[in-house]
Amino acid sequence: MYIQGDLQCVFDALYHLGVIDPVLELDWTNAMESYDRHYSDVNEIIGVVNANQNDVGALMKELKNFDDTTLGYLAMEVAREFAEFHSRDELQ
C-alpha cells in the first residue's frame, strides 16, 4: 500500500510528534531487516494516513494510537516515497 496525497502533510505530522529525528539516527539497514514482521502494522497506519490526509491535526491524533516502531516505519516509508517522487522528477 502506498501513501496517497500530500507527503509533506504526513511528514509535518510525524515531525510534530517527534518521530523524524529518532528515525534519522537509526541504522536503517537493521531496521529494514525486521520490516516484514511489521508489514501489517505499516499497512494499517498507511490506511489511517490516507483517510486523514486533509487534516494534520486529525492525522496527528490518529497517529498517537500507534507505537514508536510503527511510526518509525511510516517515517521511513514517507522518506522512500519522497525519494521516488523526486527521482521521477529528475528523469523528466
# chains A, B, ... in the order shown; residues from 1 in each chain; ligands from 1
>>> residues_around(residues="A:Leu63", least_positions_apart="4", cutoff="8 Å", atoms="only C-alpha atoms", output="ChimeraX atom specification")
/A:45,48,59,71
>>> select_by_dssp(residues="chain A", states="alpha helix (DSSP H)", output="PyMOL selection string")
chain A and resi 7-16+20-24+28-33+39-51+56-63+68-91
>>> residues_around(residues="A:Thr69", least_positions_apart="5", cutoff="12 Å", atoms="only C-alpha atoms", output="PyMOL selection string")
chain A and resi 19-20+22-23+26+31-32+34-35+37-39+41-42+45+63-64+74-76
>>> write_last_selection(atoms="N, CA, C and O atoms", output="PDB file, in the first residue's frame")
ATOM      1  N   VAL A  19       8.803  12.153  15.737  1.00  0.00           N
ATOM      2  CA  VAL A  19       9.199  10.870  15.156  1.00  0.00           C
ATOM      3  C   VAL A  19      10.413  10.994  14.242  1.00  0.00           C
ATOM      4  O   VAL A  19      11.247  10.085  14.176  1.00  0.00           O
ATOM      5  N   ILE A  20      10.549  12.097  13.557  1.00  0.00           N
ATOM      6  CA  ILE A  20      11.554  12.224  12.495  1.00  0.00           C
ATOM      7  C   ILE A  20      12.990  12.141  13.020  1.00  0.00           C
ATOM      8  O   ILE A  20      13.803  11.359  12.503  1.00  0.00           O
ATOM      9  N   PRO A  22      14.458  10.825  15.762  1.00  0.00           N
ATOM     10  CA  PRO A  22      14.935   9.485  16.136  1.00  0.00           C
ATOM     11  C   PRO A  22      15.112   8.547  14.941  1.00  0.00           C
ATOM     12  O   PRO A  22      16.045   7.739  14.919  1.00  0.00           O
ATOM     13  N   VAL A  23      14.252   8.672  13.939  1.00  0.00           N
ATOM     14  CA  VAL A  23      14.376   7.813  12.755  1.00  0.00           C
ATOM     15  C   VAL A  23      15.632   8.165  11.969  1.00  0.00           C
ATOM     16  O   VAL A  23      16.299   7.284  11.430  1.00  0.00           O
ATOM     17  N   LEU A  26      18.560   6.262  13.321  1.00  0.00           N
ATOM     18  CA  LEU A  26      18.538   4.801  13.237  1.00  0.00           C
ATOM     19  C   LEU A  26      19.506   4.267  12.197  1.00  0.00           C
ATOM     20  O   LEU A  26      19.802   4.935  11.211  1.00  0.00           O
ATOM     21  N   ALA A  31      16.947  -1.760  10.780  1.00  0.00           N
ATOM     22  CA  ALA A  31      15.501  -1.549  10.919  1.00  0.00           C
ATOM     23  C   ALA A  31      14.745  -2.243   9.792  1.00  0.00           C
ATOM     24  O   ALA A  31      13.698  -2.854  10.024  1.00  0.00           O
ATOM     25  N   MET A  32      15.256  -2.168   8.589  1.00  0.00           N
ATOM     26  CA  MET A  32      14.556  -2.755   7.451  1.00  0.00           C
ATOM     27  C   MET A  32      14.606  -4.283   7.469  1.00  0.00           C
ATOM     28  O   MET A  32      13.745  -4.934   6.880  1.00  0.00           O
ATOM     29  N   SER A  34      13.840  -6.051   9.939  1.00  0.00           N
ATOM     30  CA  SER A  34      12.672  -6.506  10.696  1.00  0.00           C
ATOM     31  C   SER A  34      11.367  -5.938  10.139  1.00  0.00           C
ATOM     32  O   SER A  34      10.306  -6.121  10.734  1.00  0.00           O
ATOM     33  N   TYR A  35      11.428  -5.280   9.005  1.00  0.00           N
ATOM     34  CA  TYR A  35      10.252  -4.658   8.400  1.00  0.00           C
ATOM     35  C   TYR A  35       9.133  -5.675   8.160  1.00  0.00           C
ATOM     36  O   TYR A  35       7.969  -5.392   8.415  1.00  0.00           O
ATOM     37  N   ARG A  37       8.184  -8.221   9.710  1.00  0.00           N
ATOM     38  CA  ARG A  37       7.409  -8.550  10.916  1.00  0.00           C
ATOM     39  C   ARG A  37       6.379  -7.478  11.235  1.00  0.00           C
ATOM     40  O   ARG A  37       5.437  -7.719  11.963  1.00  0.00           O
ATOM     41  N   HIS A  38       6.566  -6.278  10.693  1.00  0.00           N
ATOM     42  CA  HIS A  38       5.678  -5.153  10.979  1.00  0.00           C
ATOM     43  C   HIS A  38       4.847  -4.745   9.766  1.00  0.00           C
ATOM     44  O   HIS A  38       4.175  -3.719   9.798  1.00  0.00           O
ATOM     45  N   TYR A  39       4.869  -5.557   8.728  1.00  0.00           N
ATOM     46  CA  TYR A  39       4.220  -5.203   7.467  1.00  0.00           C
ATOM     47  C   TYR A  39       2.732  -4.890   7.650  1.00  0.00           C
ATOM     48  O   TYR A  39       2.236  -3.896   7.123  1.00  0.00           O
ATOM     49  N   ASP A  41       1.188  -3.880  10.345  1.00  0.00           N
ATOM     50  CA  ASP A  41       1.060  -2.628  11.099  1.00  0.00           C
ATOM     51  C   ASP A  41       1.313  -1.423  10.206  1.00  0.00           C
ATOM     52  O   ASP A  41       0.624  -0.408  10.309  1.00  0.00           O
ATOM     53  N   VAL A  42       2.296  -1.538   9.321  1.00  0.00           N
ATOM     54  CA  VAL A  42       2.616  -0.447   8.404  1.00  0.00           C
ATOM     55  C   VAL A  42       1.455  -0.222   7.435  1.00  0.00           C
ATOM     56  O   VAL A  42       1.060   0.923   7.179  1.00  0.00           O
ATOM     57  N   ILE A  45      -1.296   1.613   9.346  1.00  0.00           N
ATOM     58  CA  ILE A  45      -1.032   3.033   9.584  1.00  0.00           C
ATOM     59  C   ILE A  45      -1.122   3.827   8.278  1.00  0.00           C
ATOM     60  O   ILE A  45      -1.578   4.970   8.276  1.00  0.00           O
ATOM     61  N   LEU A  63      -2.365   9.155  14.653  1.00  0.00           N
ATOM     62  CA  LEU A  63      -1.028   8.560  14.708  1.00  0.00           C
ATOM     63  C   LEU A  63      -0.580   8.287  16.138  1.00  0.00           C
ATOM     64  O   LEU A  63       0.205   7.363  16.379  1.00  0.00           O
ATOM     65  N   LYS A  64      -1.084   9.048  17.093  1.00  0.00           N
ATOM     66  CA  LYS A  64      -0.724   8.835  18.502  1.00  0.00           C
ATOM     67  C   LYS A  64      -1.166   7.470  19.008  1.00  0.00           C
ATOM     68  O   LYS A  64      -0.692   7.013  20.038  1.00  0.00           O
ATOM     69  N   LEU A  74       6.614   4.214   9.307  1.00  0.00           N
ATOM     70  CA  LEU A  74       5.869   5.168   8.491  1.00  0.00           C
ATOM     71  C   LEU A  74       6.790   6.293   8.027  1.00  0.00           C
ATOM     72  O   LEU A  74       6.755   6.695   6.860  1.00  0.00           O
ATOM     73  N   ALA A  75       7.620   6.802   8.920  1.00  0.00           N
ATOM     74  CA  ALA A  75       8.560   7.865   8.551  1.00  0.00           C
ATOM     75  C   ALA A  75       9.519   7.384   7.464  1.00  0.00           C
ATOM     76  O   ALA A  75       9.824   8.129   6.523  1.00  0.00           O
ATOM     77  N   MET A  76       9.980   6.150   7.552  1.00  0.00           N
ATOM     78  CA  MET A  76      10.862   5.603   6.522  1.00  0.00           C
ATOM     79  C   MET A  76      10.118   5.470   5.199  1.00  0.00           C
ATOM     80  O   MET A  76      10.693   5.720   4.127  1.00  0.00           O
TER      81      MET A  76
END
>>> closest_residue(among="A:Glu44, A:Tyr15, A:Gly57, A:Asp6", to="A:Thr70", atoms="only C-alpha atoms")
A:Glu44
>>> closest_residue(among="A:Leu24, A:Val78, A:Ala13, A:Met60", to="A:Ile46", atoms="only C-alpha atoms")
A:Val78
>>> closest_atom_pairs(of="stretch 36-79 of chain A", to="stretch 2-5 of chain A", cutoff="9 Å", atoms="only C-alpha atoms", output="Markdown table")
| residue | atom | partner | partner_atom | distance |
| --- | --- | --- | --- | --- |
| A:Asn43 | CA | A:Tyr2 | CA | 8.4 |
| A:Ile46 | CA | A:Ile3 | CA | 6.0 |
| A:Gly47 | CA | A:Ile3 | CA | 7.9 |
| A:Val49 | CA | A:Ile3 | CA | 7.1 |
| A:Asn50 | CA | A:Gln4 | CA | 5.6 |
| A:Ala51 | CA | A:Gln4 | CA | 9.0 |
| A:Gln53 | CA | A:Gly5 | CA | 6.5 |
| A:Asn54 | CA | A:Gly5 | CA | 8.6 |
| A:Glu77 | CA | A:Ile3 | CA | 8.3 |
| A:Val78 | CA | A:Ile3 | CA | 7.7 |
>>> atom_distance(atom1="atom CA of A:Arg80", atom2="atom CA of A:Glu25")
15.9 Å
>>> atom_distance(atom1="atom CA of A:Ala58", atom2="atom CA of A:Phe11")
14.0 Å
>>> decode(residues="chain A", atoms="C-alpha atoms", output="PDB file, in the first residue's frame")
ATOM      1  CA  MET A   1       0.000   0.000   0.000  1.00  0.00           C
ATOM      2  CA  TYR A   2       1.232   3.476  -0.837  1.00  0.00           C
ATOM      3  CA  ILE A   3       0.625   6.801   0.849  1.00  0.00           C
ATOM      4  CA  GLN A   4      -1.921   8.786  -1.130  1.00  0.00           C
ATOM      5  CA  GLY A   5      -1.949  12.569  -1.235  1.00  0.00           C
ATOM      6  CA  ASP A   6       0.361  15.090   0.346  1.00  0.00           C
ATOM      7  CA  LEU A   7       3.554  13.528   1.692  1.00  0.00           C
ATOM      8  CA  GLN A   8       4.543  16.871   3.205  1.00  0.00           C
ATOM      9  CA  CYS A   9       1.416  16.755   5.393  1.00  0.00           C
ATOM     10  CA  VAL A  10       2.407  13.320   6.694  1.00  0.00           C
ATOM     11  CA  PHE A  11       5.997  14.440   7.254  1.00  0.00           C
ATOM     12  CA  ASP A  12       4.783  17.504   9.169  1.00  0.00           C
ATOM     13  CA  ALA A  13       2.546  15.383  11.399  1.00  0.00           C
ATOM     14  CA  LEU A  14       5.402  12.973  12.135  1.00  0.00           C
ATOM     15  CA  TYR A  15       7.787  15.843  12.781  1.00  0.00           C
ATOM     16  CA  HIS A  16       5.416  17.482  15.262  1.00  0.00           C
ATOM     17  CA  LEU A  17       5.024  14.135  17.035  1.00  0.00           C
ATOM     18  CA  GLY A  18       8.806  13.895  17.423  1.00  0.00           C
ATOM     19  CA  VAL A  19       9.199  10.870  15.156  1.00  0.00           C
ATOM     20  CA  ILE A  20      11.554  12.224  12.495  1.00  0.00           C
ATOM     21  CA  ASP A  21      14.731  12.940  14.499  1.00  0.00           C
ATOM     22  CA  PRO A  22      14.935   9.485  16.136  1.00  0.00           C
ATOM     23  CA  VAL A  23      14.376   7.813  12.755  1.00  0.00           C
ATOM     24  CA  LEU A  24      17.208   9.844  11.227  1.00  0.00           C
ATOM     25  CA  GLU A  25      19.513   8.443  13.905  1.00  0.00           C
ATOM     26  CA  LEU A  26      18.538   4.801  13.237  1.00  0.00           C
ATOM     27  CA  ASP A  27      20.594   2.269  11.365  1.00  0.00           C
ATOM     28  CA  TRP A  28      18.058   1.804   8.570  1.00  0.00           C
ATOM     29  CA  THR A  29      19.711  -1.407   7.393  1.00  0.00           C
ATOM     30  CA  ASN A  30      18.967  -3.092  10.703  1.00  0.00           C
ATOM     31  CA  ALA A  31      15.501  -1.549  10.919  1.00  0.00           C
ATOM     32  CA  MET A  32      14.556  -2.755   7.451  1.00  0.00           C
ATOM     33  CA  GLU A  33      15.618  -6.302   8.290  1.00  0.00           C
ATOM     34  CA  SER A  34      12.672  -6.506  10.696  1.00  0.00           C
ATOM     35  CA  TYR A  35      10.252  -4.658   8.400  1.00  0.00           C
ATOM     36  CA  ASP A  36       8.468  -7.849   7.318  1.00  0.00           C
ATOM     37  CA  ARG A  37       7.409  -8.550  10.916  1.00  0.00           C
ATOM     38  CA  HIS A  38       5.678  -5.153  10.979  1.00  0.00           C
ATOM     39  CA  TYR A  39       4.220  -5.203   7.467  1.00  0.00           C
ATOM     40  CA  SER A  40       0.574  -5.457   8.566  1.00  0.00           C
ATOM     41  CA  ASP A  41       1.060  -2.628  11.099  1.00  0.00           C
ATOM     42  CA  VAL A  42       2.616  -0.447   8.404  1.00  0.00           C
ATOM     43  CA  ASN A  43      -0.274  -1.139   6.031  1.00  0.00           C
ATOM     44  CA  GLU A  44      -2.732  -0.281   8.804  1.00  0.00           C
ATOM     45  CA  ILE A  45      -1.032   3.033   9.584  1.00  0.00           C
ATOM     46  CA  ILE A  46      -0.852   3.916   5.867  1.00  0.00           C
ATOM     47  CA  GLY A  47      -4.597   3.322   5.679  1.00  0.00           C
ATOM     48  CA  VAL A  48      -5.080   5.756   8.582  1.00  0.00           C
ATOM     49  CA  VAL A  49      -2.816   8.287   6.859  1.00  0.00           C
ATOM     50  CA  ASN A  50      -4.730   8.009   3.602  1.00  0.00           C
ATOM     51  CA  ALA A  51      -8.040   8.521   5.424  1.00  0.00           C
ATOM     52  CA  ASN A  52      -6.812  11.675   7.205  1.00  0.00           C
ATOM     53  CA  GLN A  53      -4.783  13.448   4.522  1.00  0.00           C
ATOM     54  CA  ASN A  54      -6.589  16.773   4.638  1.00  0.00           C
ATOM     55  CA  ASP A  55      -6.346  17.434   8.369  1.00  0.00           C
ATOM     56  CA  VAL A  56      -2.900  17.437  10.030  1.00  0.00           C
ATOM     57  CA  GLY A  57      -4.491  17.746  13.495  1.00  0.00           C
ATOM     58  CA  ALA A  58      -6.740  14.728  12.952  1.00  0.00           C
ATOM     59  CA  LEU A  59      -3.831  12.821  11.433  1.00  0.00           C
ATOM     60  CA  MET A  60      -1.637  13.545  14.446  1.00  0.00           C
ATOM     61  CA  LYS A  61      -4.422  12.444  16.796  1.00  0.00           C
ATOM     62  CA  GLU A  62      -4.791   9.144  14.919  1.00  0.00           C
ATOM     63  CA  LEU A  63      -1.028   8.560  14.708  1.00  0.00           C
ATOM     64  CA  LYS A  64      -0.724   8.835  18.502  1.00  0.00           C
ATOM     65  CA  ASN A  65      -2.539   5.477  18.675  1.00  0.00           C
ATOM     66  CA  PHE A  66       0.458   3.698  17.124  1.00  0.00           C
ATOM     67  CA  ASP A  67       3.671   2.557  18.786  1.00  0.00           C
ATOM     68  CA  ASP A  68       7.036   4.191  18.105  1.00  0.00           C
ATOM     69  CA  THR A  69       8.243   1.323  15.918  1.00  0.00           C
ATOM     70  CA  THR A  70       5.277   1.568  13.561  1.00  0.00           C
ATOM     71  CA  LEU A  71       5.584   5.361  13.446  1.00  0.00           C
ATOM     72  CA  GLY A  72       9.249   4.950  12.585  1.00  0.00           C
ATOM     73  CA  TYR A  73       8.430   2.643   9.697  1.00  0.00           C
ATOM     74  CA  LEU A  74       5.869   5.168   8.491  1.00  0.00           C
ATOM     75  CA  ALA A  75       8.560   7.865   8.551  1.00  0.00           C
ATOM     76  CA  MET A  76      10.862   5.603   6.522  1.00  0.00           C
ATOM     77  CA  GLU A  77       8.040   4.976   4.044  1.00  0.00           C
ATOM     78  CA  VAL A  78       7.485   8.730   3.687  1.00  0.00           C
ATOM     79  CA  ALA A  79      11.214   9.196   3.029  1.00  0.00           C
ATOM     80  CA  ARG A  80      11.215   6.390   0.467  1.00  0.00           C
ATOM     81  CA  GLU A  81       8.194   7.802  -1.361  1.00  0.00           C
ATOM     82  CA  PHE A  82       9.680  11.333  -1.304  1.00  0.00           C
ATOM     83  CA  ALA A  83      12.867   9.935  -2.851  1.00  0.00           C
ATOM     84  CA  GLU A  84      10.954   8.045  -5.546  1.00  0.00           C
ATOM     85  CA  PHE A  85       8.888  11.140  -6.364  1.00  0.00           C
ATOM     86  CA  HIS A  86      11.940  13.362  -6.696  1.00  0.00           C
ATOM     87  CA  SER A  87      13.856  10.809  -8.743  1.00  0.00           C
ATOM     88  CA  ARG A  88      10.938  10.678 -11.230  1.00  0.00           C
ATOM     89  CA  ASP A  89      11.012  14.479 -11.462  1.00  0.00           C
ATOM     90  CA  GLU A  90      14.731  14.459 -12.220  1.00  0.00           C
ATOM     91  CA  LEU A  91      14.296  11.905 -15.015  1.00  0.00           C
ATOM     92  CA  GLN A  92      11.768  14.052 -16.871  1.00  0.00           C
TER      93      GLN A  92
END
